[in-house]
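Colleague: I have a structure I would like to understand better, so I am pasting it below and will then ask my questions one at a time.
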Amino acid sequence: MINLIEPRFDFYEVLPSYAEVMSTTHSKCFEVPWSTKDFNDLLGLKTVFGFIVYMVNDNSEALSTTAANIKKLDCGGFVLYSLASDQCEILTICVLPECRRKRLAINLMQNVIKRIKLIGVNEIFLEVAENNVAARNLYINQGFKVFGKRRRYYQQKEGRVDALQLSKSIY
């Protein structure tokens, strides 16, 4: 059957039960991915939160938002962030290659910013590989500014690459 209908994307808050799905998605987006254990450890912390995007085919039956039913859908990407006092750090954000250029990363970032504004966070931080031009452009276009660099921070197939440190004030 040919489906000519563009998938719809639904956003949900991340639950600890999503660790395996997140690890699988992360492995499709990064050369050195995080393991399911890494995600289990992070999601076990009381300071770590996130949003996950699932593709829902418009002609499919609506599923209730239980963890078991959501996991039946296809994950398109997610963001994890950590809160400490009045600051937020984006720990990771990824969107599957086939789901890029559909504003998912922008929507993930905007969901985080909307949420942290409600709780009084004043600043958001993140790090990005210096050679990840697409992600750098995304962050700069969202108002982030470079404030530092971590030398040889990220391991990649061809060796280590610098990480740019970015921040944005939240108003």
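Ordering of the structure tokens sets the chain letters (A, B, ...), residue numbers begin anew at 1 in every chain, and ligands are numbered from 1 in the order given.
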If we count only C-alpha atoms, what is near Asn111 in chain A at a cut-off of 8 Å, once residues fewer than 4 positions away on the same chain are taken out, given as number ranges by chain?
Modeller: A: 51, 107, 115
Colleague: Tell me, as a ChimeraX atom specification, which residues lie within 7 Å of Gln165 in chain A, counting only C-alpha atoms; anything in the same chain fewer than 4 positions away does not count.
Modeller: /A:126-128,146-149
Colleague: With C-alpha atoms retained, could you export that selection as a compact mmCIF listing (two decimals), in the first residue's frame?
Modeller:
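What ended up in out14.txt:
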# COMPACT_ATOMS: atom_id res chain seq x y z
CA LEU A 126 24.53 23.26 25.32
CA GLU A 127 27.59 21.92 23.56
CA VAL A 128 27.89 21.02 19.91
CA VAL A 146 29.11 30.84 21.50
CA PHE A 147 30.87 31.53 24.79
CA GLY A 148 33.61 28.90 24.92
CA LYS A 149 35.24 25.81 23.51
Colleague: So which residues touch Phe11 in chain A within 12 Å, counting only C-alpha atoms, skipping near sequence neighbours fewer than 3 positions away, as a list in words?
Modeller: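 The neighbour list is Arg8, Val14, Gly50, Phe51, Ile52, Val53, Tyr54, Met55, Val56, Thr65, Ile70, Leu73, Asp74, Cys75, Gly76, Gly77, Phe78, Val79, Leu104, Ala105, Asn107, Leu108, Met109, Gln110, Asn111 and Val112 of chain A.
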Colleague: Using only C-alpha atoms for the distances, tell me which of A:Leu166, A:Cys99, A:Cys94, A:Val21 is nearest to Ile124 in chain A.
Modeller: A:Leu166
Colleague: What's around range 87-92 of chain A at 7 Å? Count only C-alpha atoms, leave out sequence neighbours fewer than 3 positions away in its own chain, and write the answer as number ranges by chain.
Modeller: A: 79-84, 121-126
Colleague: Emit the selected residues as a JSON list (two decimals), in the first residue's frame, including all heavy atoms.
Modeller:
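Result file selection17.json:
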[["chain", "number", "residue", "atom", "x", "y", "z"],
["A", 79, "VAL", "N", 14.83, 15.09, 22.82],
["A", 79, "VAL", "CA", 15.76, 15.99, 23.51],
["A", 79, "VAL", "C", 15.74, 15.62, 24.99],
["A", 79, "VAL", "O", 14.70, 15.30, 25.54],
["A", 79, "VAL", "CB", 15.38, 17.48, 23.30],
["A", 79, "VAL", "CG1", 14.01, 17.80, 23.86],
["A", 79, "VAL", "CG2", 16.44, 18.40, 23.90],
["A", 80, "LEU", "N", 16.92, 15.64, 25.60],
["A", 80, "LEU", "CA", 17.05, 15.48, 27.05],
["A", 80, "LEU", "C", 17.72, 16.71, 27.60],
["A", 80, "LEU", "O", 18.66, 17.24, 27.00],
["A", 80, "LEU", "CB", 17.92, 14.27, 27.39],
["A", 80, "LEU", "CG", 17.30, 12.90, 27.38],
["A", 80, "LEU", "CD1", 18.31, 11.85, 27.85],
["A", 80, "LEU", "CD2", 16.05, 12.83, 28.22],
["A", 81, "TYR", "N", 17.22, 17.18, 28.74],
["A", 81, "TYR", "CA", 17.82, 18.34, 29.37],
["A", 81, "TYR", "C", 17.88, 18.14, 30.87],
["A", 81, "TYR", "O", 17.14, 17.35, 31.44],
["A", 81, "TYR", "CB", 17.07, 19.63, 29.00],
["A", 81, "TYR", "CG", 15.62, 19.67, 29.42],
["A", 81, "TYR", "CD1", 15.24, 20.33, 30.60],
["A", 81, "TYR", "CD2", 14.62, 19.11, 28.64],
["A", 81, "TYR", "CE1", 13.90, 20.39, 30.97],
["A", 81, "TYR", "CE2", 13.29, 19.17, 29.01],
["A", 81, "TYR", "CZ", 12.94, 19.82, 30.18],
["A", 81, "TYR", "OH", 11.62, 19.88, 30.56],
["A", 82, "SER", "N", 18.80, 18.87, 31.49],
["A", 82, "SER", "CA", 19.01, 18.80, 32.93],
["A", 82, "SER", "C", 18.78, 20.18, 33.53],
["A", 82, "SER", "O", 19.15, 21.20, 32.94],
["A", 82, "SER", "CB", 20.45, 18.34, 33.21],
["A", 82, "SER", "OG", 20.70, 18.32, 34.58],
["A", 83, "LEU", "N", 18.15, 20.19, 34.71],
["A", 83, "LEU", "CA", 17.89, 21.45, 35.40],
["A", 83, "LEU", "C", 18.70, 21.52, 36.68],
["A", 83, "LEU", "O", 18.81, 20.53, 37.41],
["A", 83, "LEU", "CB", 16.40, 21.56, 35.75],
["A", 83, "LEU", "CG", 15.45, 21.63, 34.57],
["A", 83, "LEU", "CD1", 14.01, 21.60, 35.06],
["A", 83, "LEU", "CD2", 15.71, 22.88, 33.74],
["A", 84, "ALA", "N", 19.25, 22.70, 36.94],
["A", 84, "ALA", "CA", 19.96, 22.97, 38.18],
["A", 84, "ALA", "C", 19.74, 24.44, 38.52],
["A", 84, "ALA", "O", 20.17, 25.31, 37.78],
["A", 84, "ALA", "CB", 21.45, 22.68, 38.04],
["A", 121, "VAL", "N", 13.65, 29.37, 34.84],
["A", 121, "VAL", "CA", 15.03, 29.20, 34.38],
["A", 121, "VAL", "C", 15.43, 30.44, 33.58],
["A", 121, "VAL", "O", 14.67, 30.93, 32.75],
["A", 121, "VAL", "CB", 15.17, 27.92, 33.53],
["A", 121, "VAL", "CG1", 16.51, 27.86, 32.83],
["A", 121, "VAL", "CG2", 14.96, 26.70, 34.41],
["A", 122, "ASN", "N", 16.63, 30.94, 33.84],
["A", 122, "ASN", "CA", 17.11, 32.17, 33.19],
["A", 122, "ASN", "C", 18.05, 31.94, 32.02],
["A", 122, "ASN", "O", 18.23, 32.82, 31.19],
["A", 122, "ASN", "CB", 17.85, 33.04, 34.21],
["A", 122, "ASN", "CG", 16.94, 33.51, 35.30],
["A", 122, "ASN", "OD1", 15.77, 33.82, 35.07],
["A", 122, "ASN", "ND2", 17.46, 33.56, 36.52],
["A", 123, "GLU", "N", 18.68, 30.77, 31.99],
["A", 123, "GLU", "CA", 19.68, 30.55, 30.95],
["A", 123, "GLU", "C", 19.71, 29.07, 30.56],
["A", 123, "GLU", "O", 19.53, 28.19, 31.39],
["A", 123, "GLU", "CB", 21.07, 30.99, 31.44],
["A", 123, "GLU", "CG", 22.06, 31.18, 30.33],
["A", 123, "GLU", "CD", 23.16, 32.15, 30.72],
["A", 123, "GLU", "OE1", 23.35, 32.44, 31.90],
["A", 123, "GLU", "OE2", 23.84, 32.61, 29.78],
["A", 124, "ILE", "N", 19.99, 28.84, 29.28],
["A", 124, "ILE", "CA", 20.07, 27.48, 28.75],
["A", 124, "ILE", "C", 21.43, 27.33, 28.07],
["A", 124, "ILE", "O", 21.90, 28.25, 27.40],
["A", 124, "ILE", "CB", 18.88, 27.20, 27.79],
["A", 124, "ILE", "CG1", 18.87, 25.75, 27.33],
["A", 124, "ILE", "CG2", 18.85, 28.15, 26.63],
["A", 124, "ILE", "CD1", 17.59, 25.35, 26.61],
["A", 125, "PHE", "N", 22.06, 26.19, 28.29],
["A", 125, "PHE", "CA", 23.39, 25.90, 27.77],
["A", 125, "PHE", "C", 23.35, 24.63, 26.94],
["A", 125, "PHE", "O", 22.52, 23.75, 27.16],
["A", 125, "PHE", "CB", 24.39, 25.68, 28.91],
["A", 125, "PHE", "CG", 24.58, 26.85, 29.80],
["A", 125, "PHE", "CD1", 23.80, 27.02, 30.94],
["A", 125, "PHE", "CD2", 25.55, 27.80, 29.52],
["A", 125, "PHE", "CE1", 23.98, 28.11, 31.77],
["A", 125, "PHE", "CE2", 25.72, 28.90, 30.34],
["A", 125, "PHE", "CZ", 24.94, 29.05, 31.47],
["A", 126, "LEU", "N", 24.32, 24.50, 26.04],
["A", 126, "LEU", "CA", 24.53, 23.26, 25.32],
["A", 126, "LEU", "C", 25.91, 23.26, 24.72],
["A", 126, "LEU", "O", 26.60, 24.28, 24.70],
["A", 126, "LEU", "CB", 23.46, 23.06, 24.24],
["A", 126, "LEU", "CG", 23.32, 24.10, 23.12],
["A", 126, "LEU", "CD1", 24.32, 23.87, 22.00],
["A", 126, "LEU", "CD2", 21.92, 24.07, 22.59]]
Colleague: Using only C-alpha atoms, which residues sit within 7 Å of range 143-145 of chain A once same-chain residues fewer than 3 positions away are excluded, as a list in words?
Modeller: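 Close residues of range 143-145 of chain A: Tyr139, Ile140, Leu166, Ser167 and Lys168 of chain A.
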Colleague: Report as a JSON list (two decimals) with all heavy atoms, in the first residue's frame: the residues of range 30-155 of chain A with a DSSP assignment of alpha helix (DSSP H), based on the backbone of this structure.
Modeller:
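Below you can see out01.json, which holds the result:
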[["chain", "number", "residue", "atom", "x", "y", "z"],
["A", 36, "THR", "N", 21.76, 2.01, 26.11],
["A", 36, "THR", "CA", 20.50, 1.95, 26.87],
["A", 36, "THR", "C", 20.79, 2.20, 28.35],
["A", 36, "THR", "O", 20.03, 2.90, 29.02],
["A", 36, "THR", "CB", 19.80, 0.60, 26.66],
["A", 36, "THR", "OG1", 19.50, 0.45, 25.27],
["A", 36, "THR", "CG2", 18.52, 0.50, 27.46],
["A", 37, "LYS", "N", 21.89, 1.65, 28.85],
["A", 37, "LYS", "CA", 22.26, 1.89, 30.26],
["A", 37, "LYS", "C", 22.51, 3.37, 30.51],
["A", 37, "LYS", "O", 22.07, 3.90, 31.54],
["A", 37, "LYS", "CB", 23.50, 1.08, 30.64],
["A", 37, "LYS", "CG", 23.88, 1.27, 32.11],
["A", 37, "LYS", "CD", 25.20, 0.62, 32.44],
["A", 37, "LYS", "CE", 25.61, 0.77, 33.88],
["A", 37, "LYS", "NZ", 25.43, 2.08, 34.49],
["A", 38, "ASP", "N", 23.18, 4.05, 29.58],
["A", 38, "ASP", "CA", 23.40, 5.49, 29.73],
["A", 38, "ASP", "C", 22.07, 6.22, 29.89],
["A", 38, "ASP", "O", 21.91, 7.08, 30.76],
["A", 38, "ASP", "CB", 24.15, 6.07, 28.51],
["A", 38, "ASP", "CG", 25.56, 5.55, 28.38],
["A", 38, "ASP", "OD1", 26.19, 5.19, 29.39],
["A", 38, "ASP", "OD2", 26.05, 5.51, 27.22],
["A", 39, "PHE", "N", 21.11, 5.88, 29.03],
["A", 39, "PHE", "CA", 19.80, 6.54, 29.11],
["A", 39, "PHE", "C", 19.05, 6.14, 30.37],
["A", 39, "PHE", "O", 18.42, 6.98, 31.00],
["A", 39, "PHE", "CB", 18.98, 6.26, 27.84],
["A", 39, "PHE", "CG", 19.42, 7.08, 26.67],
["A", 39, "PHE", "CD1", 20.20, 6.51, 25.67],
["A", 39, "PHE", "CD2", 19.10, 8.42, 26.58],
["A", 39, "PHE", "CE1", 20.63, 7.28, 24.59],
["A", 39, "PHE", "CE2", 19.52, 9.19, 25.50],
["A", 39, "PHE", "CZ", 20.29, 8.62, 24.51],
["A", 40, "ASN", "N", 19.14, 4.88, 30.77],
["A", 40, "ASN", "CA", 18.51, 4.47, 32.02],
["A", 40, "ASN", "C", 19.07, 5.25, 33.20],
["A", 40, "ASN", "O", 18.33, 5.72, 34.06],
["A", 40, "ASN", "CB", 18.71, 2.96, 32.27],
["A", 40, "ASN", "CG", 17.65, 2.13, 31.61],
["A", 40, "ASN", "OD1", 16.48, 2.49, 31.58],
["A", 40, "ASN", "ND2", 18.05, 1.00, 31.05],
["A", 41, "ASP", "N", 20.40, 5.41, 33.22],
["A", 41, "ASP", "CA", 21.04, 6.16, 34.31],
["A", 41, "ASP", "C", 20.57, 7.61, 34.32],
["A", 41, "ASP", "O", 20.23, 8.16, 35.37],
["A", 41, "ASP", "CB", 22.56, 6.11, 34.18],
["A", 41, "ASP", "CG", 23.13, 4.72, 34.46],
["A", 41, "ASP", "OD1", 22.39, 3.85, 34.99],
["A", 41, "ASP", "OD2", 24.32, 4.49, 34.13],
["A", 42, "LEU", "N", 20.56, 8.25, 33.14],
["A", 42, "LEU", "CA", 20.13, 9.65, 33.07],
["A", 42, "LEU", "C", 18.66, 9.81, 33.46],
["A", 42, "LEU", "O", 18.31, 10.72, 34.22],
["A", 42, "LEU", "CB", 20.33, 10.19, 31.65],
["A", 42, "LEU", "CG", 21.74, 10.59, 31.28],
["A", 42, "LEU", "CD1", 21.85, 10.86, 29.79],
["A", 42, "LEU", "CD2", 22.19, 11.80, 32.08],
["A", 43, "LEU", "N", 17.81, 8.93, 32.93],
["A", 43, "LEU", "CA", 16.38, 9.06, 33.19],
["A", 43, "LEU", "C", 16.02, 8.71, 34.63],
["A", 43, "LEU", "O", 14.92, 9.02, 35.09],
["A", 43, "LEU", "CB", 15.59, 8.20, 32.20],
["A", 43, "LEU", "CG", 15.71, 8.65, 30.74],
["A", 43, "LEU", "CD1", 15.07, 7.63, 29.82],
["A", 43, "LEU", "CD2", 15.10, 10.03, 30.55],
["A", 67, "ALA", "N", 2.65, 4.26, 27.88],
["A", 67, "ALA", "CA", 4.02, 3.99, 27.44],
["A", 67, "ALA", "C", 4.07, 2.82, 26.46],
["A", 67, "ALA", "O", 4.77, 2.85, 25.46],
["A", 67, "ALA", "CB", 4.91, 3.73, 28.64],
["A", 68, "ALA", "N", 3.30, 1.77, 26.74],
["A", 68, "ALA", "CA", 3.31, 0.60, 25.86],
["A", 68, "ALA", "C", 2.81, 0.94, 24.46],
["A", 68, "ALA", "O", 3.37, 0.49, 23.46],
["A", 68, "ALA", "CB", 2.46, -0.51, 26.47],
["A", 69, "ASN", "N", 1.76, 1.73, 24.37],
["A", 69, "ASN", "CA", 1.22, 2.10, 23.06],
["A", 69, "ASN", "C", 2.13, 3.06, 22.32],
["A", 69, "ASN", "O", 2.30, 2.94, 21.11],
["A", 69, "ASN", "CB", -0.18, 2.68, 23.20],
["A", 69, "ASN", "CG", -1.22, 1.61, 23.43],
["A", 69, "ASN", "OD1", -0.99, 0.45, 23.14],
["A", 69, "ASN", "ND2", -2.35, 2.00, 23.97],
["A", 70, "ILE", "N", 2.71, 4.01, 23.01],
["A", 70, "ILE", "CA", 3.60, 4.97, 22.37],
["A", 70, "ILE", "C", 4.80, 4.24, 21.76],
["A", 70, "ILE", "O", 5.24, 4.55, 20.67],
["A", 70, "ILE", "CB", 4.04, 6.07, 23.36],
["A", 70, "ILE", "CG1", 2.87, 6.99, 23.67],
["A", 70, "ILE", "CG2", 5.20, 6.87, 22.79],
["A", 70, "ILE", "CD1", 3.13, 7.98, 24.76],
["A", 104, "LEU", "N", 11.42, 19.51, 13.42],
["A", 104, "LEU", "CA", 11.32, 18.74, 14.67],
["A", 104, "LEU", "C", 12.31, 19.23, 15.71],
["A", 104, "LEU", "O", 11.96, 19.38, 16.88],
["A", 104, "LEU", "CB", 11.52, 17.25, 14.41],
["A", 104, "LEU", "CG", 10.46, 16.56, 13.59],
["A", 104, "LEU", "CD1", 10.76, 15.07, 13.45],
["A", 104, "LEU", "CD2", 9.08, 16.77, 14.18],
["A", 105, "ALA", "N", 13.55, 19.48, 15.32],
["A", 105, "ALA", "CA", 14.55, 19.95, 16.28],
["A", 105, "ALA", "C", 14.15, 21.31, 16.84],
["A", 105, "ALA", "O", 14.29, 21.56, 18.04],
["A", 105, "ALA", "CB", 15.93, 20.02, 15.63],
["A", 106, "ILE", "N", 13.65, 22.18, 15.98],
["A", 106, "ILE", "CA", 13.18, 23.50, 16.45],
["A", 106, "ILE", "C", 12.03, 23.32, 17.44],
["A", 106, "ILE", "O", 12.01, 23.95, 18.50],
["A", 106, "ILE", "CB", 12.75, 24.39, 15.26],
["A", 106, "ILE", "CG1", 13.98, 24.78, 14.43],
["A", 106, "ILE", "CG2", 11.99, 25.63, 15.74],
["A", 106, "ILE", "CD1", 13.64, 25.43, 13.11],
["A", 107, "ASN", "N", 11.08, 22.45, 17.11],
["A", 107, "ASN", "CA", 9.96, 22.22, 18.02],
["A", 107, "ASN", "C", 10.41, 21.60, 19.34],
["A", 107, "ASN", "O", 9.90, 21.95, 20.40],
["A", 107, "ASN", "CB", 8.90, 21.34, 17.36],
["A", 107, "ASN", "CG", 8.10, 22.11, 16.33],
["A", 107, "ASN", "OD1", 7.76, 23.26, 16.53],
["A", 107, "ASN", "ND2", 7.82, 21.47, 15.22],
["A", 108, "LEU", "N", 11.37, 20.69, 19.28],
["A", 108, "LEU", "CA", 11.91, 20.12, 20.52],
["A", 108, "LEU", "C", 12.52, 21.21, 21.39],
["A", 108, "LEU", "O", 12.26, 21.29, 22.59],
["A", 108, "LEU", "CB", 12.93, 19.02, 20.22],
["A", 108, "LEU", "CG", 12.37, 17.70, 19.72],
["A", 108, "LEU", "CD1", 13.47, 16.83, 19.12],
["A", 108, "LEU", "CD2", 11.66, 16.96, 20.85],
["A", 109, "MET", "N", 13.35, 22.06, 20.77],
["A", 109, "MET", "CA", 13.97, 23.16, 21.51],
["A", 109, "MET", "C", 12.92, 24.12, 22.08],
["A", 109, "MET", "O", 13.02, 24.55, 23.23],
["A", 109, "MET", "CB", 14.95, 23.94, 20.61],
["A", 109, "MET", "CG", 16.17, 23.17, 20.20],
["A", 109, "MET", "SD", 17.25, 22.73, 21.57],
["A", 109, "MET", "CE", 17.77, 24.34, 22.11],
["A", 110, "GLN", "N", 11.93, 24.45, 21.28],
["A", 110, "GLN", "CA", 10.88, 25.36, 21.76],
["A", 110, "GLN", "C", 10.06, 24.76, 22.89],
["A", 110, "GLN", "O", 9.65, 25.48, 23.80],
["A", 110, "GLN", "CB", 9.99, 25.79, 20.59],
["A", 110, "GLN", "CG", 10.73, 26.73, 19.65],
["A", 110, "GLN", "CD", 9.93, 27.09, 18.40],
["A", 110, "GLN", "OE1", 8.91, 26.49, 18.09],
["A", 110, "GLN", "NE2", 10.43, 28.08, 17.67],
["A", 111, "ASN", "N", 9.84, 23.45, 22.86],
["A", 111, "ASN", "CA", 9.15, 22.79, 23.97],
["A", 111, "ASN", "C", 9.97, 22.90, 25.25],
["A", 111, "ASN", "O", 9.42, 23.16, 26.33],
["A", 111, "ASN", "CB", 8.88, 21.32, 23.65],
["A", 111, "ASN", "CG", 7.64, 21.13, 22.83],
["A", 111, "ASN", "OD1", 6.61, 21.73, 23.09],
["A", 111, "ASN", "ND2", 7.73, 20.29, 21.81],
["A", 112, "VAL", "N", 11.28, 22.71, 25.14],
["A", 112, "VAL", "CA", 12.14, 22.84, 26.32],
["A", 112, "VAL", "C", 12.09, 24.27, 26.84],
["A", 112, "VAL", "O", 11.90, 24.50, 28.04],
["A", 112, "VAL", "CB", 13.60, 22.44, 26.00],
["A", 112, "VAL", "CG1", 14.53, 22.79, 27.15],
["A", 112, "VAL", "CG2", 13.68, 20.96, 25.67],
["A", 113, "ILE", "N", 12.24, 25.24, 25.95],
["A", 113, "ILE", "CA", 12.26, 26.65, 26.37],
["A", 113, "ILE", "C", 10.93, 27.04, 27.01],
["A", 113, "ILE", "O", 10.91, 27.71, 28.05],
["A", 113, "ILE", "CB", 12.64, 27.56, 25.19],
["A", 113, "ILE", "CG1", 14.12, 27.33, 24.84],
["A", 113, "ILE", "CG2", 12.36, 29.02, 25.50],
["A", 113, "ILE", "CD1", 14.58, 27.94, 23.54],
["A", 114, "LYS", "N", 9.84, 26.61, 26.43],
["A", 114, "LYS", "CA", 8.52, 26.91, 27.00],
["A", 114, "LYS", "C", 8.42, 26.33, 28.41],
["A", 114, "LYS", "O", 7.95, 27.00, 29.33],
["A", 114, "LYS", "CB", 7.43, 26.34, 26.11],
["A", 114, "LYS", "CG", 6.03, 26.59, 26.60],
["A", 114, "LYS", "CD", 5.00, 26.02, 25.64],
["A", 114, "LYS", "CE", 3.59, 26.21, 26.17],
["A", 114, "LYS", "NZ", 2.60, 25.61, 25.27],
["A", 115, "ARG", "N", 8.85, 25.10, 28.59],
["A", 115, "ARG", "CA", 8.78, 24.44, 29.90],
["A", 115, "ARG", "C", 9.67, 25.13, 30.94],
["A", 115, "ARG", "O", 9.23, 25.38, 32.05],
["A", 115, "ARG", "CB", 9.17, 22.98, 29.75],
["A", 115, "ARG", "CG", 9.28, 22.18, 31.03],
["A", 115, "ARG", "CD", 7.96, 22.01, 31.77],
["A", 115, "ARG", "NE", 6.90, 21.49, 30.97],
["A", 115, "ARG", "CZ", 6.68, 20.20, 30.72],
["A", 115, "ARG", "NH1", 7.46, 19.29, 31.21],
["A", 115, "ARG", "NH2", 5.66, 19.85, 29.97],
["A", 116, "ILE", "N", 10.89, 25.44, 30.55],
["A", 116, "ILE", "CA", 11.81, 26.00, 31.55],
["A", 116, "ILE", "C", 11.45, 27.45, 31.91],
["A", 116, "ILE", "O", 11.74, 27.88, 33.02],
["A", 116, "ILE", "CB", 13.29, 25.86, 31.14],
["A", 116, "ILE", "CG1", 13.62, 26.65, 29.87],
["A", 116, "ILE", "CG2", 13.64, 24.39, 30.98],
["A", 116, "ILE", "CD1", 15.08, 26.58, 29.46],
["A", 117, "LYS", "N", 10.82, 28.16, 30.98],
["A", 117, "LYS", "CA", 10.34, 29.51, 31.31],
["A", 117, "LYS", "C", 9.33, 29.45, 32.45],
["A", 117, "LYS", "O", 9.33, 30.30, 33.33],
["A", 117, "LYS", "CB", 9.67, 30.16, 30.10],
["A", 117, "LYS", "CG", 10.57, 30.89, 29.17],
["A", 117, "LYS", "CD", 9.72, 31.54, 28.08],
["A", 117, "LYS", "CE", 10.54, 32.31, 27.11],
["A", 117, "LYS", "NZ", 9.71, 32.96, 26.08],
["A", 118, "LEU", "N", 8.47, 28.45, 32.40],
["A", 118, "LEU", "CA", 7.42, 28.30, 33.41],
["A", 118, "LEU", "C", 7.97, 28.09, 34.82],
["A", 118, "LEU", "O", 7.32, 28.43, 35.80],
["A", 118, "LEU", "CB", 6.49, 27.14, 33.06],
["A", 118, "LEU", "CG", 5.63, 27.31, 31.82],
["A", 118, "LEU", "CD1", 4.88, 26.01, 31.51],
["A", 118, "LEU", "CD2", 4.64, 28.46, 32.00],
["A", 133, "VAL", "N", 27.87, 21.41, 11.43],
["A", 133, "VAL", "CA", 27.41, 22.70, 10.90],
["A", 133, "VAL", "C", 25.89, 22.85, 10.98],
["A", 133, "VAL", "O", 25.38, 23.91, 11.35],
["A", 133, "VAL", "CB", 27.92, 22.90, 9.45],
["A", 133, "VAL", "CG1", 27.38, 24.19, 8.85],
["A", 133, "VAL", "CG2", 29.44, 22.89, 9.42],
["A", 134, "ALA", "N", 25.15, 21.80, 10.65],
["A", 134, "ALA", "CA", 23.69, 21.88, 10.68],
["A", 134, "ALA", "C", 23.18, 22.20, 12.09],
["A", 134, "ALA", "O", 22.33, 23.07, 12.27],
["A", 134, "ALA", "CB", 23.07, 20.58, 10.17],
["A", 135, "ALA", "N", 23.71, 21.50, 13.09],
["A", 135, "ALA", "CA", 23.29, 21.75, 14.47],
["A", 135, "ALA", "C", 23.73, 23.15, 14.93],
["A", 135, "ALA", "O", 22.96, 23.86, 15.58],
["A", 135, "ALA", "CB", 23.85, 20.69, 15.40],
["A", 136, "ARG", "N", 24.94, 23.54, 14.58],
["A", 136, "ARG", "CA", 25.40, 24.89, 14.95],
["A", 136, "ARG", "C", 24.46, 25.95, 14.38],
["A", 136, "ARG", "O", 24.07, 26.89, 15.08],
["A", 136, "ARG", "CB", 26.83, 25.12, 14.45],
["A", 136, "ARG", "CG", 27.86, 24.36, 15.25],
["A", 136, "ARG", "CD", 29.25, 24.49, 14.68],
["A", 136, "ARG", "NE", 29.61, 25.84, 14.34],
["A", 136, "ARG", "CZ", 30.65, 26.17, 13.59],
["A", 136, "ARG", "NH1", 31.44, 25.23, 13.10],
["A", 136, "ARG", "NH2", 30.92, 27.42, 13.32],
["A", 137, "ASN", "N", 24.07, 25.80, 13.12],
["A", 137, "ASN", "CA", 23.15, 26.77, 12.51],
["A", 137, "ASN", "C", 21.80, 26.77, 13.20],
["A", 137, "ASN", "O", 21.20, 27.83, 13.41],
["A", 137, "ASN", "CB", 22.99, 26.47, 11.01],
["A", 137, "ASN", "CG", 24.23, 26.83, 10.22],
["A", 137, "ASN", "OD1", 25.03, 27.67, 10.63],
["A", 137, "ASN", "ND2", 24.40, 26.19, 9.08],
["A", 138, "LEU", "N", 21.30, 25.59, 13.55],
["A", 138, "LEU", "CA", 20.04, 25.49, 14.29],
["A", 138, "LEU", "C", 20.11, 26.32, 15.57],
["A", 138, "LEU", "O", 19.23, 27.14, 15.84],
["A", 138, "LEU", "CB", 19.72, 24.03, 14.63],
["A", 138, "LEU", "CG", 18.60, 23.83, 15.66],
["A", 138, "LEU", "CD1", 17.24, 24.14, 15.07],
["A", 138, "LEU", "CD2", 18.64, 22.41, 16.21],
["A", 139, "TYR", "N", 21.16, 26.13, 16.35],
["A", 139, "TYR", "CA", 21.27, 26.82, 17.63],
["A", 139, "TYR", "C", 21.47, 28.32, 17.46],
["A", 139, "TYR", "O", 20.85, 29.11, 18.17],
["A", 139, "TYR", "CB", 22.41, 26.22, 18.45],
["A", 139, "TYR", "CG", 22.25, 24.74, 18.68],
["A", 139, "TYR", "CD1", 23.33, 23.88, 18.56],
["A", 139, "TYR", "CD2", 21.02, 24.18, 19.00],
["A", 139, "TYR", "CE1", 23.20, 22.52, 18.75],
["A", 139, "TYR", "CE2", 20.87, 22.82, 19.19],
["A", 139, "TYR", "CZ", 21.96, 22.00, 19.07],
["A", 139, "TYR", "OH", 21.82, 20.65, 19.26],
["A", 140, "ILE", "N", 22.30, 28.71, 16.53],
["A", 140, "ILE", "CA", 22.52, 30.15, 16.28],
["A", 140, "ILE", "C", 21.21, 30.81, 15.84],
["A", 140, "ILE", "O", 20.86, 31.89, 16.30],
["A", 140, "ILE", "CB", 23.65, 30.36, 15.24],
["A", 140, "ILE", "CG1", 24.98, 29.82, 15.75],
["A", 140, "ILE", "CG2", 23.75, 31.82, 14.83],
["A", 140, "ILE", "CD1", 25.49, 30.41, 17.06],
["A", 141, "ASN", "N", 20.46, 30.13, 14.96],
["A", 141, "ASN", "CA", 19.17, 30.67, 14.50],
["A", 141, "ASN", "C", 18.14, 30.73, 15.62],
["A", 141, "ASN", "O", 17.16, 31.47, 15.50],
["A", 141, "ASN", "CB", 18.64, 29.85, 13.32],
["A", 141, "ASN", "CG", 19.44, 30.08, 12.06],
["A", 141, "ASN", "OD1", 20.09, 31.11, 11.89],
["A", 141, "ASN", "ND2", 19.42, 29.11, 11.17]]
Colleague: Output as an MDAnalysis selection string all residues of chain A that backbone DSSP marks as strand (DSSP E or B).
Modeller: chainID A and resid 8:13 48:56 74:84 87:95 123:129 145:156 159:169
